[in-house]
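Enquirer: What follows is the file input08.cif, containing mmCIF, C-alpha atoms:
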```cif
data_work
#
loop_
_atom_site.label_atom_id
_atom_site.label_comp_id
_atom_site.auth_asym_id
_atom_site.auth_seq_id
_atom_site.Cartn_x
_atom_site.Cartn_y
_atom_site.Cartn_z
CA MET A 1 101.07 5.71 -17.53
CA LYS A 2 97.48 5.90 -16.41
CA ALA A 3 95.27 2.84 -16.78
CA THR A 4 91.63 2.23 -16.01
CA VAL A 5 90.59 -1.28 -15.02
CA LEU A 6 86.95 -2.34 -15.09
CA VAL A 7 86.22 -5.38 -12.94
CA ARG A 8 82.78 -6.90 -13.39
CA PRO A 9 80.99 -9.98 -12.08
CA LYS A 10 80.96 -12.63 -14.81
CA LYS A 11 77.72 -13.52 -16.55
CA GLY A 12 75.77 -16.02 -14.48
CA ILE A 13 77.48 -15.05 -11.25
CA LEU A 14 75.09 -13.78 -8.60
CA ASP A 15 75.43 -10.02 -8.07
CA PRO A 16 73.50 -8.99 -4.94
CA GLN A 17 74.72 -5.39 -5.15
CA GLY A 18 73.44 -5.17 -8.72
CA GLN A 19 70.10 -6.65 -7.69
CA ALA A 20 69.78 -4.08 -4.90
CA VAL A 21 70.55 -1.25 -7.32
CA GLU A 22 68.05 -2.65 -9.82
CA GLN A 23 65.28 -2.84 -7.21
CA SER A 24 66.03 0.64 -5.88
CA LEU A 25 65.97 2.09 -9.40
CA ARG A 26 62.58 0.46 -10.04
CA LYS A 27 61.25 1.85 -6.76
CA LEU A 28 62.37 5.29 -7.91
CA GLY A 29 60.31 4.79 -11.07
CA PHE A 30 63.03 3.96 -13.58
CA ALA A 31 62.33 1.26 -16.16
CA VAL A 32 65.48 -0.85 -16.06
CA ALA A 33 65.95 -4.37 -17.35
CA GLU A 34 69.13 -5.25 -15.48
CA ALA A 35 71.83 -3.66 -13.37
CA ARG A 36 75.23 -5.10 -12.55
CA VAL A 37 77.75 -3.51 -10.24
CA GLY A 38 81.51 -3.88 -10.43
CA ARG A 39 84.62 -1.88 -9.59
CA VAL A 40 86.67 0.64 -11.49
CA VAL A 41 90.33 0.98 -10.51
CA ASP A 42 92.41 3.87 -11.84
CA VAL A 43 96.08 3.14 -11.48
CA ASP A 44 99.16 5.10 -12.45
CA VAL A 45 101.80 2.55 -13.42
CA GLU A 46 105.47 3.05 -14.27
CA ALA A 47 106.19 1.69 -17.73
CA SER A 48 108.25 2.72 -20.74
CA SER A 49 105.72 1.59 -23.33
CA ALA A 50 102.03 0.92 -23.68
CA ASP A 51 102.66 -2.81 -24.12
CA GLU A 52 104.69 -2.96 -20.94
CA ALA A 53 102.02 -1.00 -19.06
CA ARG A 54 99.28 -3.34 -20.26
CA GLU A 55 101.31 -6.39 -19.26
CA ARG A 56 101.90 -5.00 -15.76
CA VAL A 57 98.28 -4.03 -15.25
CA GLU A 58 97.22 -7.50 -16.41
CA ALA A 59 99.50 -9.00 -13.77
CA MET A 60 97.96 -6.67 -11.14
CA CYS A 61 94.51 -7.85 -12.15
CA THR A 62 95.26 -11.55 -11.87
CA GLN A 63 97.20 -11.11 -8.61
CA LEU A 64 95.06 -8.60 -6.75
CA LEU A 65 92.41 -6.56 -8.50
CA ALA A 66 90.09 -9.25 -9.82
CA ASN A 67 89.03 -12.72 -8.77
CA PRO A 68 89.30 -14.63 -12.06
CA LEU A 69 86.84 -17.29 -10.88
CA ILE A 70 83.92 -14.91 -10.66
CA GLU A 71 85.06 -11.64 -12.23
CA SER A 72 86.21 -10.50 -15.64
CA PHE A 73 88.40 -7.47 -16.19
CA GLU A 74 88.97 -4.99 -18.98
CA ILE A 75 91.98 -2.67 -19.25
CA GLU A 76 91.94 0.78 -20.87
CA LEU A 77 95.23 2.63 -21.20
CA GLN A 78 95.33 6.41 -21.38
CA GLU A 79 98.25 7.33 -23.60
CA PRO A 80 100.20 10.25 -22.16
CA THR A 81 99.40 13.48 -23.98
CA MET B 1 69.72 0.56 -24.25
CA LYS B 2 72.80 -0.50 -22.34
CA ALA B 3 74.74 2.12 -20.43
CA THR B 4 77.91 1.94 -18.39
CA VAL B 5 78.30 4.36 -15.51
CA LEU B 6 81.69 4.99 -13.92
CA VAL B 7 81.47 6.46 -10.42
CA ARG B 8 84.75 7.70 -8.96
CA PRO B 9 85.79 9.54 -5.81
CA LYS B 10 86.43 13.19 -6.66
CA LYS B 11 89.97 14.57 -6.63
CA GLY B 12 90.98 15.52 -3.10
CA ILE B 13 88.44 13.18 -1.52
CA LEU B 14 90.02 10.54 0.71
CA ASP B 15 89.87 7.08 -0.87
CA PRO B 16 90.83 4.44 1.72
CA GLN B 17 90.04 1.57 -0.65
CA GLY B 18 92.36 3.08 -3.26
CA GLN B 19 95.11 3.53 -0.67
CA ALA B 20 94.76 -0.09 0.39
CA VAL B 21 95.00 -1.25 -3.23
CA GLU B 22 98.02 1.00 -3.77
CA GLN B 23 99.84 -0.39 -0.74
CA SER B 24 98.99 -3.98 -1.64
CA LEU B 25 100.26 -3.46 -5.20
CA ARG B 26 103.53 -2.02 -3.86
CA LYS B 27 103.94 -4.98 -1.50
CA LEU B 28 103.49 -7.26 -4.51
CA GLY B 29 106.37 -5.40 -6.20
CA PHE B 30 104.46 -3.19 -8.63
CA ALA B 31 105.69 0.39 -9.13
CA VAL B 32 102.48 2.40 -8.94
CA ALA B 33 102.13 6.11 -8.34
CA GLU B 34 98.49 6.19 -7.34
CA ALA B 35 95.42 3.99 -7.27
CA ARG B 36 91.81 5.10 -6.93
CA VAL B 37 88.84 2.78 -6.63
CA GLY B 38 85.31 3.52 -7.74
CA ARG B 39 82.29 1.62 -8.99
CA VAL B 40 81.11 0.58 -12.43
CA VAL B 41 77.38 0.11 -12.92
CA ASP B 42 76.06 -1.51 -16.09
CA VAL B 43 72.41 -0.76 -16.53
CA ASP B 44 69.93 -1.67 -19.25
CA VAL B 45 67.50 1.24 -19.55
CA GLU B 46 64.32 1.54 -21.61
CA ALA B 47 64.56 4.52 -23.95
CA SER B 48 63.61 5.33 -27.51
CA SER B 49 66.69 7.41 -28.28
CA ALA B 50 70.26 7.85 -27.08
CA ASP B 51 69.47 11.33 -25.75
CA GLU B 52 66.58 10.02 -23.71
CA ALA B 53 68.69 7.16 -22.38
CA ARG B 54 71.47 9.53 -21.34
CA GLU B 55 69.00 11.82 -19.59
CA ARG B 56 67.49 8.91 -17.65
CA VAL B 57 70.85 7.50 -16.63
CA GLU B 58 71.92 10.96 -15.48
CA ALA B 59 68.82 11.13 -13.29
CA MET B 60 69.68 7.66 -11.87
CA CYS B 61 73.17 8.88 -11.05
CA THR B 62 72.06 11.99 -9.18
CA GLN B 63 69.27 10.13 -7.37
CA LEU B 64 70.92 6.86 -6.48
CA LEU B 65 74.15 5.76 -8.11
CA ALA B 66 76.52 8.55 -7.11
CA ASN B 67 76.92 10.91 -4.19
CA PRO B 68 77.51 14.24 -5.98
CA LEU B 69 79.26 15.71 -2.93
CA ILE B 70 82.16 13.31 -3.07
CA GLU B 71 81.82 11.38 -6.34
CA SER B 72 81.87 12.22 -10.01
CA PHE B 73 80.21 10.10 -12.67
CA GLU B 74 80.73 9.41 -16.34
CA ILE B 75 78.16 7.81 -18.65
CA GLU B 76 78.98 5.69 -21.69
CA LEU B 77 76.11 4.54 -23.90
CA GLN B 78 76.39 1.39 -25.97
CA GLU B 79 74.39 1.97 -29.13
CA PRO B 80 72.34 -1.11 -30.02
CA THR B 81 73.95 -3.00 -32.90
#
```
Would you kindly transcribe this structure into structure tokens?
Expert:
Amino acid sequence: MKATVLVRPKKGILDPQGQAVEQSLRKLGFAVAEARVGRVVDVDVEASSADEARERVEAMCTQLLANPLIESFEIELQEPT
Amino acid sequence: MKATVLVRPKKGILDPQGQAVEQSLRKLGFAVAEARVGRVVDVDVEASSADEARERVEAMCTQLLANPLIESFEIELQEPT
């Protein structure tokens, strides 16, 4: 089952990459208030149900994909069609 | 208006970061078929309508946020509540 994980820096955590993007966008003439940069991880996980898939992807996030001290994560499951 | 941009390596494009994540997940005991890693950019853009916001964020993507040769992007707009 395919899952998409969005990993973002938590509110209040310094995000130098986001600041760089924000400044570059302004230099290009775009009016932006804020930019934050995180990661998106698409993973194809073996699981017999959506609940099981979500549980496994959550474990992946806490063990590897995200640093819970400074990052939050969000999981979207794509149901097989 | 807040927009979320997902930038991913195109199909067929080598993704070393994704391969590293895939291998690490397997070493941790997770059964994964594939992992791909991209970026998520949250940007707050000034615009008077959703269409205008989308157009501006598209311009940001082609000019700065994504490399159209090797990356695809997807824009999600969060309508103000």
Enquirer: Residues of chain B were defined as contacting chain A if any atom lay at most 10 Å from it, counting only C-alpha atoms; please report them as a PyMOL selection string.
Expert: chain B and resi 1-8+17-18+21-22+24-25+28-47+56-57+59-60+63-65
Enquirer: So what do you get for atom CA of B:Glu52 versus atom CA of B:Ser72, distance-wise?
Expert: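 Interatomic distance here is 20.6 Å.
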Enquirer: For atom CA of B:Glu55 and atom CA of A:Ile75, determine how far apart the two atoms are, in Å to one decimal place.
Expert: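 Separation between atom CA of B:Glu55 and atom CA of A:Ile75: 27.2 Å.
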Enquirer: Using Å and a single decimal, report how far atom CA of B:Leu77 sits from atom CA of A:Glu74.
Expert: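 Between atom CA of A:Glu74 and atom CA of B:Leu77 the gap works out to 16.7 Å.
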